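Enquirer: This is the structure I have questions about; it appears just below.
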Amino acid sequence: MIVPYENVIIKTICRLLLPFLQIYAIYVLMHGHYSPGGGFQGGVMMGASFILLVIAYGLDDAQRRISVKALTIYACLGLFIYSGIGALALLMGGNYLDYGTLPLPLSSIPKIRAMGILGIEIGVFLGVMAIMIFIFLAIASYETGGKDD
Amino acid sequence: MNPPHIQATILIIIIPLMSSYAIPLLGWRWKRSAYFIALTAIGASLVCSLILLSTVLTQGTIHYHLGGWLPPWGIEYVIDPLNGFMGVVVCTISFLVTLSSKKSVEKELPEKKVRFYTIYLLLFTGLMGIVVTGDVFNLYVFLEIASLSAYALIAIGEDGAPLASFNYIIMGTIGACFYLLGVGYLYIVTGSLNMADLAKLLPPLYDSKVVLIALAFFLIGTAIKMGLFPLHVWLPDAYTYAPSAVSSFIAPLMTKVMAYILIRILFTVFKPSYVIEVVPVASILSWIAAVAIIAGSILALAQRDLKRMLAYSSVSQIGYIVLGIGLANKMGLIGAYLHILNHAFMKGCLFSVAGALMYRTGRRNIFQLHTIHRKMPFTMGALVIGALSMIGIPPTAGFFSKWYLILGSIEAQNWVFVAVILASSLLNALYFFRVIENVYFEVSQGGLKEEPAGDPVREVPLSMLAPIILLAAGILLLGLYNERIISGILVLALPRGF
Amino acid sequence: MIDSMMSKYNYWMYIILMMIGFYAMIGKKNLIKKLIGMNIFQTAIILYYISIGVKKGGTVPVLMEGLPRAADYVNPLPHVLMLTAIVVSVSTTGVALAVILLIYRRYKTLEEDEILKSIR
């Protein structure tokens, strides 16, 4: 059972640091084209921000903020965005994941491909974030009957 | 715009993949929908695989460029007759086994149904992905998807299942990492990851040590995953302690798909002349396979538990397939392909029968199954057909695959292998007739005779009985029509150079 | 011979790391130690792949102004392949940890010989 840390310093630092951590995670996601980063890395950092919340404030507090049902919906939603963009490319006449055929109002084919990859990365971001938090919550709530997934 | 029967190449993977994460969403609200979504997805893949096989046989090899990128820059999915044939085998067995899984999942794993079917569909997606792809790194990704799902599914069995699954995790990861190392060595030397491209770029490099090491890593990685004799240690525990629906799904399929990976590496990426003449890998493989056949049969004789005996018999049957690959002549390869098909049906039937016994009686010990044939006649009839096919008695299917293997050994002038195949058929007869004797005749050896507590022993419900009968009928039909299958499909699936 | 050994030091590093991980997977009896050995094994393979893409005089594969030619950058394909391998490694660790939790809940110990004794 993870009990909250009763130390003022840790709670305050965690509270101050958390928004910056999440903004940095979204920055890493969005700049995946031009610098090291992308969907998986941003998703892990976003999940790590929630895990920091669990470590500092205890398990009950975190489970009140984000429930298992919401995590399942985020994970499946992220994966549906990924496969959905691929299937949309299939319906629009190309092969699977052929971003050049997506119906976006941009000027040239490379720009449409860049936007297609960004959509895929957002899907991966949501999925990885949800799965990281889910694994941590499942292992942390071990005595109260966590299940393996 | 590609016509729909070409797009079936990607649909065969996307439909199960998207269904597998639709199941948790819909399963929150309607728990009973998990089974039907899984069954529909596998049924759709079965239809796609039949469309693909007929397209390949009439129009030639299908090349599908994922993402619109041309190979070798992009990932390519290639369907030639071998792929199409493997796809139909995997989809058919999966569909029949999934039909029979409904009742046994409800009985053994009552509150885990939704999560079970999610991982089950992911395992099916992984196996189909291995079969369709034409890129060695993409094969690694799908191999790991299938293996991870198998580890998770095996671990939810009864006593001893988590430890068996952990052993499988350790050994399976070593195997997959060795495969990845092999891919890395080939990439260093050629700079390409596409199978057809590697086949073009490798022949000038055949006398370099890097290619030899890459072949060695591929062989050991695949041998660990297949359960070839000295590296089979994870197999009996994993098949025995898994839940019945899981072992009926994994046992016929996973090792065969790994054997398919071996055929692809040996004969499509590396030319057959390299494997036979330059480095005598094929003859080494055939001798290891001969040892595997005998060792598996002897170890199966010593077992009392029905599922454990079937698991050791699987070790011996993988030996047959690798013997066919190692003989590396036309008859031997046809024998190997036919044995992949037959063994999938035979083990599917036998493990489903073991699952049916577990469902009704809860017992797995051979010596406790007295005269159960009066209460479960159809199931035991299917057991007899499966056993006769494993021994190799005509007109069941097992006879014909052993016949071609013997023809291949004679063509290679190797009489030791003929003796090995005949001796192992006799050993198979020993342990299968022991089971049939206990089931059909009153052999009083101190086993239990009273009914187990609960509902009395009757025949299994129709959703479990129909697939068992269909699989047994399939064994007989495959035996009777094997000439058509060989001349229509398998001869076209031989790699170039035979 | 010392020349060739010293010039290929990345291969020696990865072989040593891989063998350490391999020994831990097979020789140790505690299940968590086996899991850590598996992680070391997979990390050694990831490091090896990245080290084969390096060129003399190449820089980080991030597009910069003033360096338009592709020959100035380190080969980025192994980096991308290893992203996938890292994800696979994380997933395998997750599944293995869940299985270890199941084992602990049932047998109350994590040493392999004690578990085998309590199964028989």
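Identifiers for the structure tokens are assigned positionally: chains receive A, B, ... in sequence, residues are indexed from 1 per chain, and ligands are indexed from 1 in the order shown.
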Taking only C-alpha atoms into account, produce a table as a Markdown table in which each residue of chain B with an atom at most 7 Å from an atom of chain A appears once, together with its shortest atom pair and the distance in Å to one decimal, ordered by chain and rising number.
Expert:
```
| residue | atom | partner | partner_atom | distance |
| --- | --- | --- | --- | --- |
| B:Met1 | CA | A:Gly93 | CA | 5.2 |
| B:Tyr21 | CA | A:Cys76 | CA | 5.7 |
| B:Leu25 | CA | A:Ile73 | CA | 6.7 |
| B:His65 | CA | A:Asn95 | CA | 7.0 |
| B:Leu66 | CA | A:Tyr96 | CA | 5.8 |
| B:Gly67 | CA | A:Asp98 | CA | 3.9 |
| B:Gly68 | CA | A:Asp98 | CA | 5.3 |
| B:Arg115 | CA | A:Asp149 | CA | 7.0 |
```
Enquirer: Could you list, as a ChimeraX atom specification, every residue within 6 Å of range 78-86 of chain C, counting only C-alpha atoms and ignoring same-chain residues fewer than 3 positions away?
Expert: /C:46,49-50,89
Enquirer: For the helix (DSSP H, G or I) assignment from backbone DSSP, which residues of chain C qualify? Please present them as an NGL selection string.
Expert: :C and (2-7 or 9-27 or 31-51 or 70-72 or 77-107 or 112-119)
Enquirer: Smallest atom-to-atom distance to chain C: which of B:Gln413, B:Asn167, B:Gln7, B:Asn2, using only C-alpha atoms?
Expert: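 Smallest distance to chain C is found for B:Asn167.
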Enquirer: Would you list the contacts of Ile119 in chain C as JSON, numbers by chain, taking every protein, DNA or RNA residue within 12 Å and counting only C-alpha atoms, but skipping same-chain residues closer than 6 positions in sequence?
Expert: {"B": [158, 159, 160, 161, 162, 163, 164], "C": [103, 106, 107, 112, 113]}
Enquirer: What lies within 12 Å of range 18-34 of chain A using only C-alpha atoms, ignoring chain neighbours under 3 positions off, as a PyMOL selection string?
Expert: (chain A and resi 10-15+37-54+56+111+113-126+128-129) or (chain C and resi 60-65)
Enquirer: May I have the residues from that selection written out with C-alpha atoms, as a CSV table (one decimal), in the first residue's frame?
Expert:
```csv
chain,number,residue,atom,x,y,z
A,10,ILE,CA,8.2,16.6,-1.3
A,11,LYS,CA,4.6,17.5,-1.6
A,12,THR,CA,5.3,21.1,-2.6
A,13,ILE,CA,8.0,20.2,-5.1
A,14,CYS,CA,5.8,17.6,-6.7
A,15,ARG,CA,3.0,20.0,-7.0
A,37,GLY,CA,11.3,12.3,-29.3
A,38,GLY,CA,8.0,11.2,-30.6
A,39,GLY,CA,4.9,9.4,-29.4
A,40,PHE,CA,6.5,6.7,-27.2
A,41,GLN,CA,8.9,8.9,-25.4
A,42,GLY,CA,6.3,11.6,-24.7
A,43,GLY,CA,3.8,9.0,-23.5
A,44,VAL,CA,6.3,7.5,-21.0
A,45,MET,CA,7.0,11.0,-19.6
A,46,MET,CA,3.3,11.8,-19.2
A,47,GLY,CA,2.8,8.4,-17.4
A,48,ALA,CA,5.8,9.2,-15.2
A,49,SER,CA,4.2,12.4,-14.2
A,50,PHE,CA,1.2,10.6,-12.9
A,51,ILE,CA,3.4,8.0,-11.1
A,52,LEU,CA,5.2,10.9,-9.4
A,53,LEU,CA,1.7,12.0,-8.2
A,54,VAL,CA,1.1,8.5,-6.8
A,56,ALA,CA,4.0,11.8,-3.4
A,111,LYS,CA,3.1,18.3,-45.6
A,113,ARG,CA,2.4,13.0,-44.7
A,114,ALA,CA,3.9,15.0,-41.8
A,115,MET,CA,0.5,15.7,-40.4
A,116,GLY,CA,-0.4,12.0,-40.8
A,117,ILE,CA,2.6,10.9,-38.8
A,118,LEU,CA,1.7,13.5,-36.1
A,119,GLY,CA,-1.7,12.0,-35.8
A,120,ILE,CA,-0.2,8.5,-35.4
A,121,GLU,CA,2.1,9.8,-32.7
A,122,ILE,CA,-0.8,11.3,-30.8
A,123,GLY,CA,-2.5,8.0,-30.8
A,124,VAL,CA,0.7,6.2,-29.6
A,125,PHE,CA,1.1,8.9,-26.9
A,126,LEU,CA,-2.4,8.4,-25.4
A,128,VAL,CA,1.4,4.5,-23.9
A,129,MET,CA,0.5,7.0,-21.2
C,60,VAL,CA,23.7,13.3,-34.5
C,61,PRO,CA,20.9,12.4,-37.0
C,62,VAL,CA,18.9,15.6,-36.4
C,63,LEU,CA,18.5,17.8,-39.4
C,64,MET,CA,20.6,21.0,-39.1
C,65,GLU,CA,21.0,24.0,-41.3
```
Enquirer: Find, counting only C-alpha atoms, the residue in A:Ile55, A:Ile9, A:Ile66, A:Leu102 that gets nearest to Phe134 in chain A.
Expert: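 Using only C-alpha atoms, Phe134 in chain A sits closest to A:Ile66.
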Enquirer: As a PyMOL selection string, please: the residues near Gly221 in chain B (cut-off 8 Å, only C-alpha atoms, same-chain neighbours under 6 positions excluded).
Expert: chain B and resi 174-179
Enquirer: So that I can check the surroundings of range 437-442 of chain B, please list as a PyMOL selection string every protein, DNA and RNA residue that reaches within 9 Å of it, counting only C-alpha atoms and ignoring chain neighbours fewer than 3 positions away.
Expert: chain B and resi 366-374+380+432-434
Enquirer: Based on the backbone DSSP call, show me all residues of chain C assigned strand (DSSP E or B), as a PyMOL selection string.
Expert: chain C and resi 30+59+73+111
Enquirer: Considering only C-alpha atoms, extract the chain C residues located within 8 Å of chain A and return them as JSON, numbers by chain.
Expert: {"C": [62, 63, 94, 95, 98, 99, 101]}
Enquirer: Since we have the selection now, will you write its residues out, keeping C-alpha atoms, as a PDB file, in the first residue's frame?
Expert:
```
ATOM      1  CA  VAL C  62      18.920  15.599 -36.403  1.00  0.00           C
ATOM      2  CA  LEU C  63      18.513  17.829 -39.441  1.00  0.00           C
ATOM      3  CA  GLY C  94       5.845  -5.687 -17.577  1.00  0.00           C
ATOM      4  CA  VAL C  95       4.476  -9.152 -18.355  1.00  0.00           C
ATOM      5  CA  ALA C  98       2.913  -9.474 -13.476  1.00  0.00           C
ATOM      6  CA  VAL C  99       3.741 -13.195 -13.616  1.00  0.00           C
ATOM      7  CA  LEU C 101       3.353 -11.140  -8.710  1.00  0.00           C
TER       8      LEU C 101
END
```
Enquirer: Would you list which chain B residues are within 9 Å of chain C using only C-alpha atoms, as a list in words?
Expert: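 Here they are: Phe137, Val141, Glu144, Ile145, Leu148, Tyr151, Ala152, Ala155, Ile156, Asp159, Gly160, Ala161, Pro162, Leu163, Ser165, Phe166, Ile169, Ile170, Thr173, Ile174, Cys177, Leu180, Leu181, Gly184 and Ile188 of chain B.
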Enquirer: For the selection just defined, write its residues with C-alpha atoms to a file, as a PDB file, in the first residue's frame.
Expert:
```pdb
ATOM      1  CA  PHE B 137      12.397  -6.906 -38.756  1.00  0.00           C
ATOM      2  CA  VAL B 141       7.855  -7.361 -34.083  1.00  0.00           C
ATOM      3  CA  GLU B 144       7.202 -10.650 -29.988  1.00  0.00           C
ATOM      4  CA  ILE B 145       3.511  -9.696 -30.100  1.00  0.00           C
ATOM      5  CA  LEU B 148       4.049 -11.874 -25.162  1.00  0.00           C
ATOM      6  CA  TYR B 151       3.212 -15.759 -21.963  1.00  0.00           C
ATOM      7  CA  ALA B 152       0.272 -13.879 -20.477  1.00  0.00           C
ATOM      8  CA  ALA B 155       0.178 -17.780 -16.782  1.00  0.00           C
ATOM      9  CA  ILE B 156      -3.517 -17.766 -15.855  1.00  0.00           C
ATOM     10  CA  ASP B 159      -0.995 -24.639 -10.048  1.00  0.00           C
ATOM     11  CA  GLY B 160       2.403 -24.373 -11.538  1.00  0.00           C
ATOM     12  CA  ALA B 161       1.255 -22.272 -14.481  1.00  0.00           C
ATOM     13  CA  PRO B 162       2.950 -19.007 -13.407  1.00  0.00           C
ATOM     14  CA  LEU B 163       6.323 -20.706 -12.962  1.00  0.00           C
ATOM     15  CA  SER B 165       5.122 -19.218 -17.932  1.00  0.00           C
ATOM     16  CA  PHE B 166       8.137 -17.541 -16.307  1.00  0.00           C
ATOM     17  CA  ILE B 169       9.445 -15.989 -20.761  1.00  0.00           C
ATOM     18  CA  ILE B 170      13.148 -16.430 -20.049  1.00  0.00           C
ATOM     19  CA  THR B 173      13.211 -13.956 -24.845  1.00  0.00           C
ATOM     20  CA  ILE B 174      16.607 -15.542 -25.429  1.00  0.00           C
ATOM     21  CA  CYS B 177      16.922 -11.820 -29.015  1.00  0.00           C
ATOM     22  CA  LEU B 180      17.233 -10.035 -33.551  1.00  0.00           C
ATOM     23  CA  LEU B 181      21.015 -10.456 -33.460  1.00  0.00           C
ATOM     24  CA  GLY B 184      21.456  -7.170 -37.083  1.00  0.00           C
ATOM     25  CA  ILE B 188      25.515  -4.756 -41.158  1.00  0.00           C
TER      26      ILE B 188
END
```
Enquirer: Could you jot down the CA of Ala354 in chain B to CA of Asn342 in chain B separation for me, Å, one decimal place?
Expert: 18.3 Å
Enquirer: For CA of Ile468 in chain B and CA of Leu228 in chain B, determine how far apart the two atoms are, in Å to one decimal place.
Expert: 27.7 Å
Enquirer: Hey, what's within 7 Å of range 472-476 of chain B if we count only C-alpha atoms and toss same-chain stuff fewer than 4 positions away? As a list in words, please?
Expert: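 Neighbouring residues, sequence-local ones excluded: Phe345, Met346, Cys349, Ala382, Ile385, Gly386, Pro395, Thr396, Ala397, Ile468 and Leu480 of chain B.
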Enquirer: May I have the selected residues written with C-alpha atoms, as a PDB file, in the first residue's frame?
Expert:
```pdb
ATOM      1  CA  PHE B 345      -5.267 -30.694 -37.324  1.00  0.00           C
ATOM      2  CA  MET B 346      -4.188 -33.719 -35.253  1.00  0.00           C
ATOM      3  CA  CYS B 349      -8.229 -32.424 -32.275  1.00  0.00           C
ATOM      4  CA  ALA B 382     -12.386 -38.320 -32.264  1.00  0.00           C
ATOM      5  CA  ILE B 385      -9.102 -40.979 -35.122  1.00  0.00           C
ATOM      6  CA  GLY B 386      -6.494 -38.532 -33.867  1.00  0.00           C
ATOM      7  CA  PRO B 395      -6.340 -43.560 -44.765  1.00  0.00           C
ATOM      8  CA  THR B 396      -5.869 -40.954 -42.034  1.00  0.00           C
ATOM      9  CA  ALA B 397      -3.700 -37.966 -42.797  1.00  0.00           C
ATOM     10  CA  ILE B 468     -13.904 -31.728 -32.250  1.00  0.00           C
ATOM     11  CA  LEU B 480      -8.280 -38.972 -48.629  1.00  0.00           C
TER      12      LEU B 480
END
```
